[in-house]
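K.L.:
Next comes the structure file entry.txt, holding compact mmCIF, C-alpha atoms.
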# COMPACT_ATOMS: atom_id res chain seq x y z
CA MET M 249 75.78 -168.11 -120.54
CA LYS M 250 78.76 -166.60 -118.65
CA ASN M 251 77.15 -163.15 -118.61
CA LEU M 252 73.85 -164.68 -117.43
CA ILE M 253 75.60 -166.39 -114.51
CA TYR M 254 77.38 -163.15 -113.56
CA GLY M 255 74.09 -161.28 -113.91
CA LEU M 256 72.39 -163.62 -111.44
CA LEU M 257 75.38 -163.29 -109.12
CA PHE M 258 75.08 -159.49 -109.40
CA LEU M 259 71.43 -159.57 -108.30
CA CYS M 260 72.16 -161.88 -105.37
CA VAL M 261 75.19 -159.93 -104.17
CA VAL M 262 73.52 -156.54 -104.52
CA GLU M 263 70.46 -157.75 -102.62
CA PHE M 264 72.70 -159.13 -99.86
CA GLY M 265 74.83 -156.00 -99.73
CA TYR M 266 71.95 -153.57 -99.53
CA SER M 267 70.21 -155.61 -96.84
CA GLN M 268 73.29 -155.37 -94.60
CA ASN M 269 73.26 -151.55 -94.29
CA PHE M 270 76.84 -151.19 -95.52
CA GLN M 271 78.65 -147.93 -94.98
CA GLY M 272 82.17 -147.18 -96.04
CA VAL M 273 84.78 -144.81 -97.44
CA ALA M 274 87.13 -145.58 -100.33
CA TYR M 275 90.10 -143.40 -101.38
CA TYR M 276 91.28 -143.38 -105.01
CA PHE M 277 94.48 -142.04 -106.56
CA SER M 278 94.13 -140.79 -110.13
CA LYS M 279 96.98 -140.50 -112.63
CA THR M 280 96.95 -139.62 -116.34
CA GLN M 281 99.66 -140.61 -118.78
CA MET M 282 100.80 -137.79 -121.08
CA LYS M 283 102.52 -139.92 -123.75
CA ASP M 284 99.78 -139.23 -126.32
CA PHE M 285 99.90 -135.46 -125.77
CA ASN M 286 102.23 -133.82 -128.28
CA PHE M 287 102.96 -130.11 -127.91
CA SER M 288 103.82 -127.92 -130.84
CA SER M 289 104.66 -124.23 -130.58
CA PRO M 290 107.33 -122.11 -132.33
CA ASN M 291 107.71 -120.07 -129.12
CA MET M 292 108.60 -123.04 -126.89
CA THR M 293 111.95 -124.76 -126.62
CA GLU M 294 112.22 -128.54 -126.33
CA ALA M 295 112.99 -128.14 -122.61
CA GLN M 296 109.87 -125.99 -122.11
CA GLN M 297 107.72 -128.54 -123.94
CA LYS M 298 109.07 -131.27 -121.65
CA GLU M 299 108.38 -129.12 -118.60
CA MET M 300 104.85 -128.42 -119.80
CA LYS M 301 104.16 -132.15 -120.19
CA GLU M 302 105.50 -132.82 -116.68
CA GLU M 303 103.35 -130.05 -115.17
CA LEU M 304 100.26 -131.33 -116.97
CA SER M 305 100.96 -134.82 -115.66
CA LYS M 306 101.23 -133.50 -112.08
CA ALA M 307 98.03 -131.46 -112.52
CA PHE M 308 96.16 -134.67 -113.31
CA GLU M 309 97.43 -136.48 -110.19
CA LYS M 310 94.51 -136.27 -107.77
CA THR M 311 92.97 -138.06 -104.82
CA TYR M 312 89.24 -138.76 -104.65
CA VAL M 313 86.96 -139.94 -101.84
CA LEU M 314 83.93 -142.20 -102.35
CA GLU M 315 81.52 -142.36 -99.41
CA PHE M 316 78.90 -145.06 -99.85
CA LYS M 317 76.01 -146.69 -98.04
CA ASN M 318 73.17 -148.83 -99.36
CA PHE M 319 71.91 -147.27 -102.61
CA GLU M 320 73.66 -143.91 -102.34
CA SER M 321 77.15 -142.43 -102.60
CA THR M 322 79.07 -139.19 -102.96
CA TYR M 323 82.34 -138.79 -104.84
CA ARG M 324 84.59 -135.75 -104.44
CA GLN M 325 88.16 -134.64 -104.99
CA GLU M 326 90.34 -134.14 -101.94
CA GLU M 327 91.90 -130.72 -101.64
CA LYS M 328 95.66 -130.62 -102.20
CA LEU M 329 97.89 -127.78 -101.05
CA ASP M 330 99.80 -126.00 -103.83
CA LYS M 331 103.58 -126.17 -103.82
CA PRO M 332 105.34 -122.89 -102.96
CA LYS M 333 106.49 -120.93 -106.00
CA PRO M 334 110.23 -120.32 -106.48
CA VAL M 335 111.53 -116.90 -105.49
CA ASP M 336 113.18 -116.32 -108.85
CA GLY M 337 113.44 -118.07 -112.18
CA ARG M 338 110.76 -118.97 -114.66
CA GLN M 339 108.40 -121.83 -113.95
CA ILE M 340 105.56 -123.30 -115.96
CA GLN M 341 102.54 -124.05 -113.80
CA VAL M 342 99.38 -125.78 -114.94
CA SER M 343 96.24 -126.03 -112.84
CA PHE M 344 92.60 -126.81 -113.36
CA GLY M 345 90.33 -124.79 -111.12
CA GLY M 346 86.73 -125.26 -110.12
CA GLN M 347 86.89 -128.99 -109.39
CA VAL M 348 87.95 -129.15 -105.75
CA GLY M 349 84.86 -128.91 -103.57
CA SER M 350 82.47 -130.21 -106.22
CA LYS M 351 80.52 -133.37 -105.46
CA LEU M 352 78.99 -136.21 -107.48
CA TYR M 353 75.96 -137.90 -105.91
CA LYS M 354 74.69 -141.26 -107.20
CA ASN M 355 71.36 -142.82 -106.33
CA LEU M 356 71.40 -146.42 -107.57
CA LYS M 357 67.89 -147.21 -106.35
CA ASN M 358 66.26 -144.42 -108.36
CA ASN M 359 68.88 -144.52 -111.15
CA TYR M 360 70.02 -140.90 -111.26
CA PHE M 361 73.00 -138.71 -110.43
CA SER M 362 73.34 -135.13 -109.29
CA GLU M 363 76.64 -133.26 -109.66
CA GLU M 364 77.92 -129.83 -108.77
CA LYS M 365 79.91 -128.34 -111.65
CA ASP M 366 81.90 -125.12 -111.81
CA LEU M 367 82.38 -123.76 -115.32
CA PHE M 368 84.69 -120.73 -115.35
CA GLY M 369 83.26 -119.37 -112.10
CA LYS M 370 79.60 -120.19 -112.73
CA GLU M 371 77.96 -122.95 -110.67
CA PHE M 372 75.70 -125.60 -112.20
CA LEU M 373 73.81 -128.53 -110.72
CA VAL M 374 73.76 -131.27 -113.35
CA LYS M 375 71.03 -133.84 -112.71
CA ASP M 376 70.29 -136.74 -115.05
CA SER M 377 69.81 -140.50 -115.34
CA LEU M 378 72.73 -142.78 -114.59
CA GLU M 379 74.24 -144.42 -117.64
CA THR M 380 73.64 -148.17 -117.84
CA PHE M 381 76.97 -149.83 -118.61
CA LYS M 382 77.08 -153.07 -120.61
CA TRP M 383 79.93 -154.71 -118.75
CA GLU M 384 81.66 -157.76 -120.22
CA PHE M 385 82.94 -160.12 -117.54
CA ILE M 386 86.49 -161.43 -118.05
CA ASN M 387 87.69 -164.65 -116.42
CA GLU M 388 90.67 -163.07 -114.66
CA GLU M 389 91.43 -162.41 -111.00
CA LYS M 390 94.09 -160.57 -109.02
CA LYS M 391 94.71 -159.25 -105.53
CA ILE M 392 94.39 -155.55 -104.75
CA GLY M 393 95.49 -155.13 -101.17
CA ASN M 394 93.69 -157.82 -99.18
CA TYR M 395 90.81 -158.14 -101.66
CA THR M 396 90.39 -160.67 -104.46
CA CYS M 397 89.21 -158.80 -107.54
CA SER M 398 87.62 -159.89 -110.82
CA LYS M 399 87.96 -158.15 -114.17
CA ALA M 400 85.28 -156.54 -116.34
CA GLN M 401 85.48 -154.23 -119.33
CA LEU M 402 83.50 -151.84 -121.51
CA LEU M 403 83.96 -151.21 -125.22
CA ILE M 404 83.39 -147.55 -126.14
CA PRO M 405 83.17 -146.97 -129.93
CA VAL M 406 84.45 -143.77 -131.55
CA SER M 407 81.68 -141.17 -131.57
CA GLU M 408 80.66 -139.18 -134.63
CA LYS M 409 81.64 -136.02 -132.74
CA ASP M 410 85.21 -137.30 -132.20
CA LYS M 411 85.47 -138.25 -135.88
CA LYS M 412 84.29 -134.78 -136.93
CA GLU M 413 86.72 -133.00 -134.59
CA TYR M 414 89.62 -135.05 -135.92
CA GLU M 415 88.70 -134.28 -139.55
CA GLU M 416 88.55 -130.56 -138.69
CA PHE M 417 91.96 -130.82 -137.04
CA LYS M 418 93.47 -132.50 -140.13
CA THR M 419 91.98 -129.79 -142.38
CA LYS M 420 93.52 -127.00 -140.28
CA LYS M 421 96.86 -128.82 -140.18
CA ASN M 422 96.91 -129.22 -143.99
CA GLU M 423 96.16 -125.49 -144.31
CA GLY M 424 99.16 -124.69 -142.13
CA ARG M 425 97.14 -123.65 -139.08
CA THR M 426 98.91 -125.36 -136.18
CA ASN M 427 97.45 -126.41 -132.83
CA PHE M 428 99.25 -126.17 -129.51
CA ILE M 429 98.18 -129.74 -128.67
CA GLN M 430 98.39 -132.20 -131.55
CA MET M 431 95.40 -134.55 -131.90
CA SER M 432 95.75 -138.28 -132.52
CA GLU M 433 93.27 -140.21 -134.62
CA PRO M 434 90.46 -141.37 -132.30
CA LYS M 435 90.17 -145.10 -131.68
CA GLU M 436 87.62 -147.28 -129.92
CA GLN M 437 88.33 -147.40 -126.22
CA ILE M 438 88.35 -150.27 -123.75
CA ILE M 439 87.60 -149.35 -120.14
CA GLU M 440 88.95 -151.92 -117.69
CA ALA M 441 87.60 -152.35 -114.16
CA TRP M 442 88.61 -154.59 -111.27
CA TYR M 443 85.91 -155.16 -108.65
CA THR M 444 85.58 -157.22 -105.47
CA THR M 445 82.46 -159.09 -104.38
CA GLU M 446 83.96 -159.07 -100.87
CA ILE M 447 82.50 -155.56 -100.67
CA PRO M 448 79.04 -156.20 -102.15
CA ILE M 449 78.24 -152.64 -103.17
CA SER M 450 77.50 -151.99 -106.86
CA ASN M 451 79.50 -148.78 -106.94
CA GLY M 452 82.82 -147.28 -107.96
CA PRO M 453 84.71 -144.08 -108.73
CA ASP M 454 83.22 -141.29 -110.81
CA LYS M 455 79.98 -142.34 -112.60
CA TYR M 456 81.01 -146.00 -112.87
CA TRP M 457 78.79 -148.62 -111.26
CA GLY M 458 76.76 -151.74 -112.10
CA LEU M 459 79.18 -154.53 -111.13
CA PRO M 460 78.57 -157.12 -108.38
CA GLY M 461 81.06 -155.48 -106.06
CA LEU M 462 82.97 -152.27 -105.37
CA ILE M 463 85.36 -151.18 -108.17
CA LEU M 464 88.87 -150.90 -106.71
CA GLU M 465 90.81 -150.21 -109.91
CA LEU M 466 89.75 -148.60 -113.18
CA HIS M 467 91.59 -147.75 -116.40
CA ASP M 468 89.78 -145.24 -118.61
CA GLY M 469 91.97 -144.52 -121.62
CA THR M 470 95.12 -142.79 -120.35
CA THR M 471 93.65 -142.23 -116.87
CA SER M 472 93.94 -144.82 -114.09
CA LEU M 473 92.17 -144.83 -110.73
CA LEU M 474 93.47 -147.07 -107.95
CA CYS M 475 91.84 -147.51 -104.55
CA THR M 476 94.53 -146.91 -101.92
CA LYS M 477 92.48 -147.20 -98.72
CA ILE M 478 89.09 -148.55 -97.61
CA ILE M 479 87.29 -148.03 -94.30
CA LEU M 480 84.19 -150.21 -93.81
CA ASN M 481 81.55 -149.32 -91.24
CA PRO M 482 83.60 -146.51 -89.65
CA GLU M 483 82.93 -145.63 -86.03
CA LYS M 484 82.05 -142.10 -87.01
CA LYS M 485 78.87 -142.41 -89.07
CA PHE M 486 78.13 -139.99 -91.90
CA GLU M 487 75.16 -138.92 -93.99
CA ILE M 488 74.98 -139.06 -97.76
CA LYS M 489 73.60 -135.70 -98.87
CA GLU M 490 72.59 -134.81 -102.41
CA PRO M 491 74.16 -131.52 -103.63
CA THR M 492 71.82 -128.58 -104.09
CA ASN M 493 74.01 -125.65 -105.24
CA GLY M 494 73.98 -124.24 -108.76
CA LYS M 495 71.67 -123.74 -111.71
CA LYS M 496 69.75 -126.97 -112.41
CA ILE M 497 70.34 -128.42 -115.88
CA ASN M 498 70.72 -131.87 -117.46
CA GLN M 499 73.90 -133.44 -118.86
CA MET M 500 73.23 -132.47 -122.49
CA GLN M 501 72.55 -128.85 -121.57
CA PHE M 502 75.80 -128.67 -119.59
CA LYS M 503 77.82 -130.07 -122.50
CA GLU M 504 76.32 -127.50 -124.87
CA ILE M 505 77.15 -124.62 -122.49
CA GLU M 506 80.68 -126.01 -122.00
CA GLU M 507 81.30 -126.29 -125.74
CA GLU M 508 80.06 -122.75 -126.37
CA LYS M 509 82.34 -121.40 -123.64
CA ILE M 510 85.37 -123.20 -125.09
CA LYS M 511 84.56 -121.91 -128.59
CA SER M 512 84.45 -118.35 -127.25
CA MET M 513 88.04 -118.77 -126.02
CA MET M 514 89.38 -119.87 -129.41
CA ASN M 515 91.10 -117.65 -131.96
CA LYS M 516 90.11 -117.48 -135.64
CA ASP M 517 91.99 -120.73 -136.33
CA GLY M 518 90.02 -122.59 -133.67
CA VAL M 519 92.97 -122.76 -131.27
CA ILE M 520 92.91 -121.94 -127.56
CA GLU M 521 95.97 -119.78 -127.00
CA ILE M 522 98.12 -120.32 -123.90
CA LYS M 523 100.36 -117.43 -122.97
CA MET M 524 103.66 -118.08 -121.25
CA LYS M 525 104.73 -115.78 -118.39
Would you write the structure of this file as structure tokens?
P.N.:
Amino acid sequence: MKNLIYGLLFLCVVEFGYSQNFQGVAYYFSKTQMKDFNFSSPNMTEAQQKEMKEELSKAFEKTYVLEFKNFESTYRQEEKLDKPKPVDGRQIQVSFGGQVGSKLYKNLKNNYFSEEKDLFGKEFLVKDSLETFKWEFINEEKKIGNYTCSKAQLLIPVSEKDKKEYEEFKTKKNEGRTNFIQMSEPKEQIIEAWYTTEIPISNGPDKYWGLPGLILELHDGTTSLLCTKIILNPEKKFEIKEPTNGKKINQMQFKEIEEEKIKSMMNKDGVIEIKMK
């Protein structure tokens, strides 16, 4: 009954929101906890392992921009200037290239997304249907900035692929073949979202959507996204443009290409080697 009531509320709010020609910009700060990442290497001291974890944590701190209006939105990472390198001394630096400048376009009316992806220097345009999320509404509220937010969550079961990868990892470990990053046993995941009906747009960061209001906070495993700034109906109007660059493929095709590329970088023990300089 509770989900039915929220479902009817969703339809009413979405209809109201889309009829009002909303336009806005939301900024999100992303941070990933590294507590579950355990490093193991005979060539690294304890201090170097700690430094590596800190650098990885910083590499995952990013700012994203969601531009939305009516049924459409674009989501992109803001460019961040690199810190100057020290003149002397050894420093561990971790970066993930190819993401800044890419753009995720969502069309909620026609139920599809289009995303520019860079995979080791090759551009792809991934176009596919939007995933329909089965949100469970939780009777909790809190304030985020000036907005009253309600809670919803998703339960993501462990996939057969994750189970298989973990079994392969355990086999290699028992055979004495060590991995640089130690894998924990996969568990079902709860994704937590906080949304506000005060901004009646069924949208949110990344590919998340489908709630009766804009998602202002989201916790996806060890990664958290928090909206830090919202501008509604800005004076300077903007257009939502679908990306067009890259080879057109669907989501499954991209995952297969990505997995093959990662496999090609592994050694005979199935480990991606990271060289220290």
K.L.:
What is the atom CA of Asn498 of chain M-atom CA of Tyr353 of chain M distance in Å, reported with one decimal?
P.N.:
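Computing it gives 14.0 Å between the two atoms.
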K.L.:
Report as a list in words all protein, DNA and RNA residues lying within 7 Å of Thr471 of chain M, evaluated on all atoms listed in the file, omitting residues in the same chain fewer than 3 positions from it.
P.N.:
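Those residues are Ser278, Lys279, Thr280, Gln281, His467 and Asp468 of chain M.
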K.L.:
Quick one: pull the distance between atom CA of Glu508 of chain M and atom CA of Lys409 of chain M, Å, one decimal.
P.N.:
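It comes out at 14.8 Å.
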K.L.:
Using only C-alpha atoms, which residue out of M:Tyr275, M:Phe316, M:Phe372, M:Phe385 lies closest to Ile447 of chain M?
P.N.:
M:Phe316
K.L.:
Env of Asp376 of chain M: 8 Å cut, atoms = all atoms listed in the file, seq-sep filter 4 positions within chain, self excluded. Answer as a tab-separated table (two decimals) with C-alpha atoms, in the frame of the given file.
P.N.:
chain	number	residue	atom	x	y	z
M	360	TYR	CA	70.02	-140.90	-111.26
M	361	PHE	CA	73.00	-138.71	-110.43
M	362	SER	CA	73.34	-135.13	-109.29
M	498	ASN	CA	70.72	-131.87	-117.46
M	499	GLN	CA	73.90	-133.44	-118.86
K.L.:
Restricting the calculation to only C-alpha atoms: of M:Gly461, M:Pro491, M:Pro453, M:Pro434, which residue gets closest to Thr396 of chain M?
P.N.:
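Using only C-alpha atoms, the shortest distance to Thr396 of chain M belongs to M:Gly461.
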K.L.:
Take atom CA of Glu371 of chain M and atom CA of Lys511 of chain M and report the distance between them in Å, one decimal.
P.N.:
19.1 Å
K.L.:
Just the residues within 7 Å of Leu464 of chain M, please, counting all atoms listed in the file, with nothing from its chain fewer than 4 positions along; format it as a ChimeraX atom specification.
P.N.:
/M:442-443,474-475
K.L.:
Restricting the calculation to all atoms listed in the file, which member of M:Glu487, M:Lys382, M:Cys397, M:Thr470 is positioned closest to Asn318 of chain M?
P.N.:
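Checking each candidate against Asn318 of chain M, we get M:Glu487 as the closest.
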K.L.:
Taking (75.1, -154.7, -119.2) in the coordinates of the supplied file, I want to know which residues reach to within 10 Å of it, counting all atoms listed in the file; could you give the answer as a list in words?
P.N.:
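Final list of nearby residues, as requested, is Asn251, Gly255, Thr380, Phe381, Lys382, Trp383, Glu384, Phe385, Leu402, Gly458 and Leu459 of chain M.
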